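Okay, protein_1.cif is below, mmCIF, C-alpha atoms and all ligand atoms:
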data_entry
#
loop_
_atom_site.label_atom_id
_atom_site.label_comp_id
_atom_site.auth_asym_id
_atom_site.auth_seq_id
_atom_site.Cartn_x
_atom_site.Cartn_y
_atom_site.Cartn_z
CA MET A 6 97.59 -42.78 -29.16
CA GLU A 7 95.24 -45.53 -27.93
CA ARG A 8 93.34 -47.61 -30.46
CA ILE A 9 89.76 -48.26 -29.40
CA GLY A 10 87.41 -50.64 -31.21
CA ILE A 11 83.61 -50.71 -31.01
CA LEU A 12 82.12 -54.15 -31.63
CA LYS A 13 78.67 -54.77 -33.06
CA GLU A 14 76.20 -56.46 -30.70
CA ARG A 15 73.98 -59.45 -31.50
CA ALA A 16 70.91 -58.58 -33.58
CA ASP A 17 68.55 -58.57 -30.57
CA ARG A 18 70.84 -56.24 -28.59
CA ARG A 19 70.16 -53.03 -30.44
CA VAL A 20 72.51 -50.86 -28.40
CA VAL A 21 76.01 -49.52 -29.00
CA VAL A 22 78.36 -48.50 -26.19
CA LEU A 23 79.99 -45.49 -27.84
CA SER A 24 77.95 -43.02 -29.88
CA PRO A 25 79.45 -40.60 -32.42
CA ALA A 26 79.43 -38.00 -29.62
CA GLY A 27 81.45 -40.45 -27.50
CA VAL A 28 83.95 -40.80 -30.35
CA GLU A 29 84.30 -37.00 -30.50
CA ARG A 30 84.79 -36.86 -26.74
CA LEU A 31 87.77 -39.23 -27.01
CA ALA A 32 89.38 -37.27 -29.87
CA GLY A 33 93.03 -36.57 -29.12
CA LYS A 34 93.17 -39.50 -26.69
CA ALA A 35 92.30 -42.38 -28.99
CA THR A 36 91.76 -43.42 -32.57
CA VAL A 37 88.40 -45.19 -32.79
CA PHE A 38 87.56 -48.10 -35.10
CA VAL A 39 83.91 -49.07 -35.39
CA GLN A 40 82.45 -52.22 -36.88
CA ARG A 41 80.10 -51.37 -39.75
CA ASP A 42 76.48 -50.94 -38.57
CA ALA A 43 77.45 -51.22 -34.89
CA GLY A 44 75.26 -48.20 -34.09
CA ARG A 45 72.65 -48.57 -36.77
CA ALA A 46 69.90 -50.25 -34.72
CA ALA A 47 70.33 -47.52 -32.10
CA GLY A 48 69.92 -44.74 -34.65
CA PHE A 49 73.60 -43.89 -35.23
CA THR A 50 74.66 -44.19 -38.87
CA ASN A 51 78.08 -45.25 -40.17
CA GLU A 52 78.34 -41.76 -41.71
CA ALA A 53 77.82 -40.14 -38.31
CA TYR A 54 80.73 -42.18 -36.94
CA THR A 55 82.92 -41.18 -39.90
CA VAL A 56 82.05 -37.50 -39.38
CA ALA A 57 82.92 -37.90 -35.67
CA GLY A 58 86.37 -39.13 -36.70
CA ALA A 59 86.02 -42.92 -36.38
CA GLN A 60 87.16 -45.42 -39.00
CA VAL A 61 84.37 -47.78 -40.05
CA MET A 62 85.57 -51.37 -40.63
CA GLU A 63 83.74 -54.21 -42.33
CA ARG A 64 84.42 -57.17 -40.06
CA GLU A 65 84.78 -57.82 -36.33
CA GLU A 66 88.20 -59.45 -36.96
CA ASP A 67 89.42 -56.20 -38.56
CA VAL A 68 88.36 -54.13 -35.54
CA ILE A 69 89.99 -56.63 -33.16
CA ALA A 70 93.19 -56.61 -35.21
CA GLN A 71 93.40 -52.79 -35.26
CA ALA A 72 92.38 -51.88 -31.70
CA ASN A 73 94.03 -52.68 -28.39
CA ILE A 74 90.95 -51.74 -26.31
CA LEU A 75 87.73 -53.45 -27.41
CA LEU A 76 84.36 -52.15 -26.26
CA SER A 77 81.04 -53.96 -26.27
CA TYR A 78 77.86 -54.31 -24.23
CA ASP A 79 77.22 -58.02 -23.79
CA HIS A 80 78.78 -59.11 -27.05
CA HIS A 81 81.64 -61.47 -26.32
CA TYR A 82 84.90 -62.04 -28.09
CA GLN A 83 84.41 -65.36 -29.86
CA GLY A 84 88.06 -66.39 -29.99
CA GLY A 85 90.35 -66.10 -32.99
CA PRO A 86 93.76 -64.63 -33.72
CA LEU A 87 95.11 -61.88 -31.47
CA ASN A 88 98.21 -60.07 -32.66
CA GLU A 89 99.03 -58.35 -29.33
CA ASP A 90 97.74 -57.76 -25.81
CA LYS A 91 94.06 -56.85 -25.85
CA THR A 92 91.80 -55.33 -23.21
CA PHE A 93 88.08 -56.08 -23.47
CA ILE A 94 85.68 -53.71 -21.70
CA GLY A 95 82.01 -54.69 -21.48
CA PHE A 96 78.99 -55.47 -19.36
CA PHE A 97 79.82 -59.14 -19.15
CA ASN A 98 77.86 -60.36 -16.08
CA PHE A 99 80.56 -62.86 -15.09
CA LEU A 100 78.84 -63.19 -11.69
CA GLY A 101 75.69 -64.53 -13.33
CA VAL A 102 77.37 -66.52 -16.10
CA PRO A 103 80.85 -67.56 -14.92
CA SER A 104 81.29 -69.86 -17.93
CA LYS A 105 82.00 -66.71 -19.95
CA LEU A 106 85.31 -66.35 -18.11
CA GLU A 107 86.85 -69.34 -19.81
CA LEU A 108 87.69 -67.76 -23.16
CA TYR A 109 89.29 -64.64 -21.70
CA GLN A 110 91.40 -66.80 -19.40
CA ARG A 111 92.38 -69.19 -22.16
CA GLU A 112 93.35 -66.45 -24.62
CA GLY A 113 95.43 -64.63 -22.00
CA VAL A 114 93.66 -61.29 -22.52
CA THR A 115 92.45 -58.67 -20.04
CA ALA A 116 88.75 -58.07 -19.34
CA TYR A 117 86.98 -55.34 -17.35
CA SER A 118 83.28 -55.78 -16.62
CA LEU A 119 81.39 -52.59 -15.83
CA ASP A 120 78.52 -54.31 -14.01
CA LEU A 121 81.01 -54.67 -11.13
CA MET A 122 81.32 -50.88 -10.74
CA PRO A 123 81.43 -49.83 -7.07
CA ARG A 124 78.38 -47.78 -5.92
CA THR A 125 80.46 -44.71 -4.98
CA THR A 126 80.03 -41.04 -5.81
CA LEU A 127 83.19 -41.02 -7.95
CA ALA A 128 81.98 -44.03 -9.95
CA GLN A 129 78.45 -42.71 -10.46
CA ALA A 130 79.09 -41.32 -13.97
CA MET A 131 80.36 -44.76 -15.04
CA ASP A 132 77.51 -46.75 -13.48
CA VAL A 133 76.15 -48.78 -16.36
CA LEU A 134 73.89 -50.78 -14.02
CA SER A 135 72.10 -47.57 -13.05
CA SER A 136 71.68 -46.46 -16.65
CA VAL A 137 70.26 -49.82 -17.65
CA GLY A 138 68.11 -49.93 -14.50
CA SER A 139 66.54 -46.55 -15.19
CA ILE A 140 65.59 -47.39 -18.76
CA SER A 141 64.37 -50.87 -17.76
CA GLY A 142 62.08 -49.51 -15.05
CA TYR A 143 60.60 -46.95 -17.43
CA GLN A 144 60.19 -49.43 -20.26
CA ALA A 145 58.61 -52.07 -17.97
CA VAL A 146 55.77 -49.66 -17.15
CA LEU A 147 55.13 -48.94 -20.83
CA LEU A 148 55.17 -52.65 -21.64
CA ALA A 149 52.75 -53.42 -18.80
CA ALA A 150 50.45 -50.56 -19.79
CA GLU A 151 50.42 -51.77 -23.35
CA ARG A 152 49.62 -55.39 -22.40
CA SER A 153 47.08 -54.50 -19.71
CA LEU A 154 43.38 -54.76 -20.50
CA ALA A 155 42.76 -51.60 -18.46
CA THR A 156 43.79 -47.98 -18.99
CA VAL A 157 46.28 -46.49 -16.52
CA PRO A 158 44.99 -43.01 -15.57
CA MET A 159 41.54 -42.12 -14.36
CA ILE A 160 39.54 -41.24 -17.45
CA THR A 161 36.15 -39.59 -17.32
CA SER A 162 34.22 -39.94 -20.52
CA ALA A 163 30.71 -40.14 -21.97
CA GLY A 164 30.48 -43.78 -20.92
CA GLY A 165 31.45 -43.14 -17.33
CA THR A 166 34.61 -42.92 -15.26
CA LEU A 167 37.51 -45.36 -15.48
CA ARG A 168 39.36 -45.72 -12.18
CA PRO A 169 43.16 -45.40 -12.18
CA ALA A 170 45.13 -48.65 -12.44
CA VAL A 171 46.89 -49.99 -9.34
CA PHE A 172 50.60 -50.74 -9.85
CA LEU A 173 52.57 -52.80 -7.35
CA ILE A 174 56.34 -52.39 -7.62
CA MET A 175 58.52 -55.00 -5.86
CA GLY A 176 62.10 -53.82 -5.29
CA ALA A 177 62.68 -50.08 -5.16
CA GLY A 178 66.26 -49.74 -6.39
CA VAL A 179 67.14 -47.84 -9.55
CA ALA A 180 64.72 -49.73 -11.84
CA GLY A 181 61.94 -49.86 -9.25
CA LEU A 182 62.10 -46.14 -8.49
CA GLN A 183 62.03 -45.28 -12.18
CA ALA A 184 59.04 -47.63 -12.60
CA ILE A 185 57.27 -45.87 -9.72
CA ALA A 186 57.96 -42.43 -11.23
CA THR A 187 56.81 -43.51 -14.69
CA ALA A 188 53.63 -45.18 -13.41
CA ARG A 189 52.83 -42.09 -11.34
CA ARG A 190 53.31 -39.86 -14.40
CA LEU A 191 50.84 -42.06 -16.26
CA GLY A 192 48.35 -41.55 -13.44
CA ALA A 193 48.49 -44.92 -11.68
CA VAL A 194 47.99 -45.51 -7.98
CA VAL A 195 51.36 -47.00 -6.96
CA LYS A 196 52.39 -49.18 -4.02
CA ALA A 197 55.91 -50.46 -3.52
CA TYR A 198 57.96 -52.75 -1.33
CA ASP A 199 61.70 -53.24 -0.75
CA VAL A 200 63.70 -55.02 1.94
CA ARG A 201 66.09 -52.07 2.34
CA ALA A 202 64.70 -49.75 4.99
CA ALA A 203 66.40 -46.81 3.22
CA SER A 204 64.06 -47.16 0.25
CA ARG A 205 60.92 -46.19 2.22
CA GLU A 206 61.55 -42.45 1.99
CA GLU A 207 62.49 -42.63 -1.69
CA VAL A 208 59.26 -44.49 -2.47
CA GLN A 209 57.16 -42.01 -0.51
CA SER A 210 58.89 -39.00 -2.06
CA LEU A 211 57.66 -40.23 -5.47
CA GLY A 212 54.08 -40.24 -4.23
CA ALA A 213 53.76 -44.01 -3.82
CA GLU A 214 52.63 -45.97 -0.76
CA PHE A 215 55.35 -48.02 0.95
CA ILE A 216 54.26 -51.48 2.08
CA GLU A 217 55.71 -52.28 5.49
CA VAL A 218 56.96 -55.75 6.41
CA GLU A 219 58.99 -55.86 9.62
CA GLY A 220 62.05 -58.04 10.16
CA ALA A 221 64.29 -57.69 7.06
CA VAL A 222 68.04 -58.12 7.43
CA ASN A 223 69.94 -55.04 6.27
CA ASP A 224 73.71 -54.93 5.93
CA ARG A 225 75.51 -51.60 5.82
CA ASP A 226 78.59 -53.34 4.40
CA ALA A 227 76.76 -54.67 1.34
CA GLY A 228 77.63 -51.55 -0.70
CA GLY A 229 74.04 -50.29 -0.81
CA TYR A 230 72.77 -53.65 -2.10
CA ALA A 231 70.20 -55.89 -0.44
CA VAL A 232 71.37 -59.09 1.22
CA GLN A 233 69.77 -62.51 1.08
CA GLN A 234 66.80 -62.92 3.46
CA SER A 235 65.70 -66.02 5.37
CA GLU A 236 63.05 -68.25 3.82
CA ALA A 237 60.80 -67.55 6.85
CA PHE A 238 61.01 -63.79 6.23
CA LEU A 239 60.35 -64.18 2.50
CA ALA A 240 57.26 -66.29 3.33
CA GLN A 241 56.06 -63.44 5.58
CA VAL A 242 56.60 -60.95 2.72
CA ARG A 243 54.67 -63.16 0.31
CA GLU A 244 51.76 -63.43 2.75
CA ARG A 245 51.58 -59.65 3.05
CA ILE A 246 52.08 -59.06 -0.69
CA ALA A 247 49.38 -61.61 -1.62
CA GLN A 248 46.73 -59.19 -0.31
CA GLU A 249 48.15 -56.36 -2.44
CA ALA A 250 48.66 -58.58 -5.49
CA ALA A 251 44.96 -59.48 -5.49
CA LYS A 252 44.10 -55.78 -5.91
CA ALA A 253 46.82 -54.92 -8.48
CA ASP A 254 46.33 -54.40 -12.20
CA VAL A 255 50.08 -54.51 -12.80
CA ILE A 256 52.99 -55.93 -10.80
CA ILE A 257 56.54 -55.00 -11.75
CA THR A 258 59.26 -56.93 -9.92
CA THR A 259 62.89 -55.81 -9.88
CA ALA A 260 64.29 -57.53 -6.77
CA ARG A 261 67.82 -58.85 -7.16
CA ILE A 262 70.80 -59.75 -5.03
CA PRO A 263 74.17 -59.57 -6.83
CA GLY A 264 75.60 -63.03 -7.55
CA LYS A 265 72.55 -64.87 -6.17
CA LYS A 266 69.32 -66.26 -7.54
CA ALA A 267 66.56 -63.64 -7.36
CA PRO A 268 64.22 -63.98 -4.34
CA VAL A 269 60.78 -65.48 -4.98
CA LEU A 270 58.19 -62.81 -4.18
CA ILE A 271 55.22 -63.92 -6.31
CA THR A 272 54.11 -67.56 -6.19
CA GLU A 273 51.75 -69.42 -8.50
CA GLU A 274 49.14 -69.34 -5.73
CA MET A 275 49.39 -65.54 -5.63
CA VAL A 276 48.98 -65.37 -9.42
CA MET A 277 45.85 -67.52 -9.09
CA GLY A 278 44.50 -64.92 -6.66
CA MET A 279 45.11 -62.00 -9.06
CA LYS A 280 42.54 -60.28 -11.23
CA PRO A 281 42.05 -61.73 -14.73
CA GLY A 282 43.67 -59.32 -17.20
CA ALA A 283 46.43 -58.30 -14.77
CA VAL A 284 50.04 -58.14 -15.98
CA ILE A 285 53.30 -59.06 -14.26
CA VAL A 286 56.59 -57.76 -15.70
CA ASP A 287 59.45 -59.62 -14.01
CA LEU A 288 62.71 -57.69 -14.53
CA ALA A 289 64.62 -60.32 -12.52
CA ALA A 290 63.92 -62.98 -15.18
CA ALA A 291 67.60 -63.30 -16.14
CA SER A 292 68.54 -64.24 -12.59
CA GLY A 293 65.76 -66.77 -11.99
CA GLY A 294 62.78 -64.43 -11.70
CA ASN A 295 60.83 -62.98 -8.77
CA CYS A 296 57.73 -64.89 -9.90
CA THR A 297 57.85 -68.69 -9.93
CA LEU A 298 55.99 -68.78 -13.27
CA THR A 299 58.34 -66.43 -15.15
CA GLN A 300 60.04 -67.78 -18.27
CA PRO A 301 62.82 -65.55 -19.69
CA ASP A 302 61.72 -63.72 -22.85
CA THR A 303 58.50 -65.72 -23.06
CA THR A 304 54.88 -64.71 -22.46
CA VAL A 305 53.24 -66.98 -19.89
CA MET A 306 49.44 -66.90 -19.34
CA ARG A 307 47.98 -68.26 -16.08
CA ASN A 308 44.53 -67.54 -14.75
CA GLU A 309 44.24 -64.87 -17.50
CA VAL A 310 47.22 -63.09 -15.93
CA THR A 311 50.03 -62.23 -18.39
CA ILE A 312 53.55 -62.85 -17.04
CA LEU A 313 56.44 -61.31 -18.99
CA GLY A 314 60.13 -61.87 -18.27
CA PRO A 315 62.10 -59.59 -20.62
CA THR A 316 65.86 -60.03 -20.14
CA SER A 317 67.05 -57.09 -22.24
CA ILE A 318 64.18 -54.62 -22.12
CA GLU A 319 66.65 -51.70 -22.14
CA CYS A 320 67.56 -52.60 -25.73
CA SER A 321 64.07 -51.73 -26.99
CA CYS A 322 64.80 -48.11 -26.16
CA ALA A 323 68.14 -48.43 -27.93
CA HIS A 324 68.91 -44.80 -28.74
CA SER A 325 68.39 -43.53 -25.21
CA THR A 326 70.13 -46.51 -23.64
CA SER A 327 73.11 -46.04 -25.99
CA PHE A 328 73.27 -42.34 -25.13
CA LEU A 329 73.62 -43.23 -21.44
CA LEU A 330 76.01 -46.13 -22.08
CA SER A 331 78.21 -43.92 -24.25
CA ASN A 332 78.60 -41.39 -21.42
CA ASN A 333 79.31 -44.20 -18.92
CA TYR A 334 81.85 -45.91 -21.18
CA SER A 335 83.68 -42.75 -22.25
CA THR A 336 83.99 -41.61 -18.61
CA PHE A 337 85.34 -45.05 -17.71
CA ILE A 338 87.84 -45.00 -20.61
CA GLU A 339 89.13 -41.57 -19.60
CA HIS A 340 89.58 -42.86 -16.05
CA PHE A 341 91.18 -46.09 -17.29
CA LEU A 342 93.71 -44.27 -19.48
CA VAL A 343 94.88 -42.20 -16.52
CA LYS A 344 94.86 -44.89 -13.80
CA ARG A 345 95.64 -48.18 -15.52
CA GLU A 346 99.24 -48.31 -14.31
CA SER A 347 98.03 -48.28 -10.68
CA VAL A 348 95.03 -50.61 -10.72
CA ALA A 349 95.66 -51.89 -7.19
CA GLU A 350 95.30 -48.38 -5.72
CA ASP A 351 92.21 -47.46 -7.73
CA GLU A 352 88.86 -48.76 -6.43
CA ILE A 353 87.07 -48.36 -9.76
CA LEU A 354 89.62 -50.30 -11.82
CA ARG A 355 90.27 -52.85 -9.05
CA SER A 356 86.53 -53.61 -8.76
CA THR A 357 85.90 -53.95 -12.49
CA LEU A 358 89.07 -55.76 -13.58
CA VAL A 359 88.18 -59.45 -13.78
CA VAL A 360 90.80 -61.15 -15.95
CA GLN A 361 94.34 -59.78 -16.28
CA ASN A 362 96.48 -61.37 -18.96
CA GLY A 363 94.45 -64.56 -18.62
CA GLU A 364 94.44 -64.69 -14.83
CA LEU A 365 91.23 -64.34 -12.79
CA VAL A 366 92.13 -61.52 -10.39
CA ASN A 367 88.74 -60.32 -9.14
CA GLU A 368 88.01 -61.44 -5.57
CA ARG A 369 84.28 -60.77 -5.81
CA VAL A 370 83.94 -62.85 -8.98
CA ARG A 371 86.17 -65.55 -7.48
CA ALA A 372 83.98 -65.69 -4.34
CA LEU A 373 80.54 -65.47 -5.93
CA ALA A 374 81.06 -67.24 -9.23
CA THR A 375 82.59 -70.65 -9.83
CA PRO A 376 85.72 -70.24 -11.97
CA ILE A 377 85.97 -72.55 -14.93
CA LEU A 378 89.74 -72.95 -15.03
P1 LIG B 401 69.52 -54.27 -7.56
O1 LIG B 401 69.22 -54.23 -9.00
O2 LIG B 401 70.63 -55.15 -7.09
O3 LIG B 401 68.18 -54.73 -6.79
C1 LIG B 401 66.96 -54.08 -7.01
C2 LIG B 401 66.21 -53.86 -5.72
O4 LIG B 401 65.73 -55.11 -5.23
C3 LIG B 401 67.06 -53.27 -4.59
O5 LIG B 401 66.49 -52.06 -4.16
C4 LIG B 401 67.00 -54.34 -3.51
O6 LIG B 401 66.98 -53.80 -2.20
C5 LIG B 401 65.69 -55.02 -3.83
N1 LIG B 401 65.52 -56.36 -3.21
C6 LIG B 401 66.42 -57.35 -3.05
N2 LIG B 401 65.86 -58.40 -2.42
C7 LIG B 401 64.56 -58.07 -2.18
C8 LIG B 401 63.45 -58.74 -1.56
N3 LIG B 401 63.57 -59.97 -1.05
N4 LIG B 401 62.27 -58.09 -1.50
C9 LIG B 401 62.14 -56.83 -2.01
N5 LIG B 401 63.12 -56.15 -2.60
C10 LIG B 401 64.33 -56.76 -2.68
O7 LIG B 401 69.76 -52.84 -6.93
P2 LIG B 401 70.05 -51.43 -7.65
O8 LIG B 401 68.80 -50.91 -8.23
O9 LIG B 401 71.20 -51.58 -8.57
O10 LIG B 401 70.45 -50.48 -6.43
C11 LIG B 401 70.76 -50.94 -5.14
C12 LIG B 401 71.12 -49.73 -4.27
O11 LIG B 401 72.30 -49.08 -4.74
C13 LIG B 401 70.07 -48.65 -4.20
O12 LIG B 401 70.04 -48.17 -2.88
C14 LIG B 401 70.60 -47.55 -5.07
O13 LIG B 401 70.11 -46.28 -4.71
C15 LIG B 401 72.06 -47.68 -4.80
N6 LIG B 401 72.87 -47.08 -5.86
C16 LIG B 401 73.93 -46.28 -5.53
C17 LIG B 401 74.70 -45.71 -6.54
C18 LIG B 401 75.85 -44.82 -6.21
O14 LIG B 401 76.01 -44.42 -5.07
N7 LIG B 401 76.71 -44.53 -7.16
C19 LIG B 401 74.43 -45.98 -7.86
C20 LIG B 401 73.36 -46.83 -8.16
C21 LIG B 401 72.59 -47.38 -7.14
#
Would you write out, as structure tokens, the structure that this file holds?
Ligand code: NAD
Amino acid sequence: MERIGILKERADRRVVVLSPAGVERLAGKATVFVQRDAGRAAGFTNEAYTVAGAQVMEREEDVIAQANILLSYDHHYQGGPLNEDKTFIGFFNFLGVPSKLELYQREGVTAYSLDLMPRTTLAQAMDVLSSVGSISGYQAVLLAAERSLATVPMITSAGGTLRPAVFLIMGAGVAGLQAIATARRLGAVVKAYDVRAASREEVQSLGAEFIEVEGAVNDRDAGGYAVQQSEAFLAQVRERIAQEAAKADVIITTARIPGKKAPVLITEEMVMGMKPGAVIVDLAAASGGNCTLTQPDTTVMRNEVTILGPTSIECSCAHSTSFLLSNNYSTFIEHFLVKRESVAEDEILRSTLVVQNGELVNERVRALATPIL
């Protein structure tokens, strides 16, 4: 029987990667050890884990000592005694922060990072990036609506009629599409832009207007992701978007390119041309930001425009995010338990395995990140 451990995240990361239902799902395949209060901030009590069949343990060291497979979100193993081979499975973002590789390499352990999941049909149920993207897009709209000085839907009242807010969504991937859908449900007028030509139809099918800018480079081999654009093209986008930004009450930016700094789509000059009271929520803050004024996890005010750069907005909706993560992680674990002896032949394990017994084995991480050792 496998021994799986669930580690508690940092206080500001309120999520847990395996819920009590996830523990039940793995019954018969694994014994689960859970660090006390690992699920508490997400609404899962220690008692619920016990009822589901997990053993609650006081300290992280105890969980690490008992389990051979350690699960977390972005909590990292801090070092310390290891009594046998350990496999760490998480959402480690080694592409963005390659310095995190060092410890896993030094300690000779194995680490899988689920943010490297291939965008294939088979991998869809394990796609943590999509789960996090959906919740982030939804939550970004609520945050913007709450910080905006204007209401979102059209409201007719005794004092007159309030016009619907105009939302501009930059980047129409998973987070952007969910932001569009949420803003539409709230009654906003929504416009959106993405460099991937394929996103036009998706944007329009949600009832939003697609902003056309000709000349983007699209690469069919990029696994469904956008590729880096020339500075001349980005300048052309900014010129076109400046006109829309001046009319927007809210801008939500989600544009990212894996392993690269996020493209600049909103400049200070554009912010100066926006309406006082407007709000920008920059979901690319952790990878440099789509707005030049964004500061990660800090509120910036410029020209009476509020600029927010939340880096873990999905954690504020911790119960729902954990529900999705738990399904993603338990599907991945079931797959891992069946296929781990043939990693080289399995695209899902090959793509997500980063460090194997201390050795950096992931080509994508090797190419895009700078290894420490
Ligand atoms: P992401 O988070 O890497 O990027 C967000 C969006 O930013 C993308 O739509 C990207 O095109 C856009 N972007 C990048 N540079 C831009 C620029 N300069 N200007 C405007 N927009 C820019 O992407 P994501 O949300 O994770 O999804 C990327 C694609 O993968 C989407 O097509 C999505 O539907 C697809 N996908 C497929 C699967 C699957 O098949 N299993 C799962 C999830 C996502």
message = Taking only C-alpha atoms into account, name the residue in A:Gln40, A:Thr336, A:Ser118, A:Ser141 that is nearest to Arg369 in chain A.
response =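 The shortest atom-to-atom distance to Arg369 in chain A comes from A:Ser118.
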query = How would you write, as number ranges by chain, the set of residues no farther than 7 Å from ligand LIG 401 (chain B) when counting all atoms listed in the file?
reply = A: 124-126, 128-129, 132, 134-135, 138, 175-181, 198-201, 204, 229-234, 239, 259-263, 268, 270
key: All residues 8 Å or closer to Lys91 in chain A, only C-alpha atoms, same chain fewer than 2 positions away omitted, as number ranges by chain   = A: 72-75, 87, 89, 93, 114-115
request  = Can you work out which one of A:Glu368, A:Glu217, A:Asp90, A:Glu249 has the shortest atom-to-atom distance to Arg355 in chain A, counting all atoms listed in the file?
outcome  = A:Glu368
message = Given all atoms listed in the file as the basis, pick out the residue of A:Pro169, A:Phe38, A:Ala130, A:Gly33 nearest to His340 in chain A.
response =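 Checking each candidate against His340 in chain A, we get A:Ala130 as the closest.
Counting from CA of Val359 in chain A, the distance to CA of Ser335 in chain A is 19.3 Å.
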Could you rebuild range 15-29 of chain A with N, CA and C atoms and give it back as a short mmCIF file (atom, residue, chain, number, x, y, z; two decimals), keeping the file's coordinate frame?
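This went into part37.cif:
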data_model
loop_
_atom_site.label_atom_id
_atom_site.label_comp_id
_atom_site.auth_asym_id
_atom_site.auth_seq_id
_atom_site.Cartn_x
_atom_site.Cartn_y
_atom_site.Cartn_z
N ARG A 15 74.89 -58.51 -30.84
CA ARG A 15 73.98 -59.45 -31.50
C ARG A 15 72.74 -58.70 -31.98
N ALA A 16 72.04 -59.29 -32.96
CA ALA A 16 70.91 -58.58 -33.58
C ALA A 16 69.85 -58.13 -32.56
N ASP A 17 69.61 -58.94 -31.51
CA ASP A 17 68.55 -58.57 -30.57
C ASP A 17 69.03 -57.58 -29.51
N ARG A 18 70.32 -57.28 -29.49
CA ARG A 18 70.84 -56.24 -28.59
C ARG A 18 71.09 -55.02 -29.47
N ARG A 19 70.14 -54.10 -29.45
CA ARG A 19 70.16 -53.03 -30.44
C ARG A 19 71.06 -51.86 -30.03
N VAL A 20 71.75 -52.00 -28.93
CA VAL A 20 72.51 -50.86 -28.40
C VAL A 20 73.95 -50.83 -28.92
N VAL A 21 74.59 -49.67 -28.72
CA VAL A 21 76.01 -49.52 -29.00
C VAL A 21 76.60 -48.75 -27.82
N VAL A 22 77.85 -49.07 -27.44
CA VAL A 22 78.36 -48.50 -26.19
C VAL A 22 79.10 -47.18 -26.37
N LEU A 23 79.37 -46.81 -27.62
CA LEU A 23 79.99 -45.49 -27.84
C LEU A 23 79.27 -44.86 -29.04
N SER A 24 78.66 -43.72 -28.81
CA SER A 24 77.95 -43.02 -29.88
C SER A 24 78.95 -42.15 -30.64
N PRO A 25 78.55 -41.55 -31.75
CA PRO A 25 79.45 -40.60 -32.42
C PRO A 25 79.90 -39.49 -31.47
N ALA A 26 79.02 -39.04 -30.58
CA ALA A 26 79.43 -38.00 -29.62
C ALA A 26 80.52 -38.53 -28.68
N GLY A 27 80.43 -39.81 -28.33
CA GLY A 27 81.45 -40.45 -27.50
C GLY A 27 82.79 -40.51 -28.23
N VAL A 28 82.72 -40.77 -29.53
CA VAL A 28 83.95 -40.80 -30.35
C VAL A 28 84.60 -39.41 -30.33
N GLU A 29 83.78 -38.39 -30.51
CA GLU A 29 84.30 -37.00 -30.50
C GLU A 29 84.93 -36.67 -29.15
#
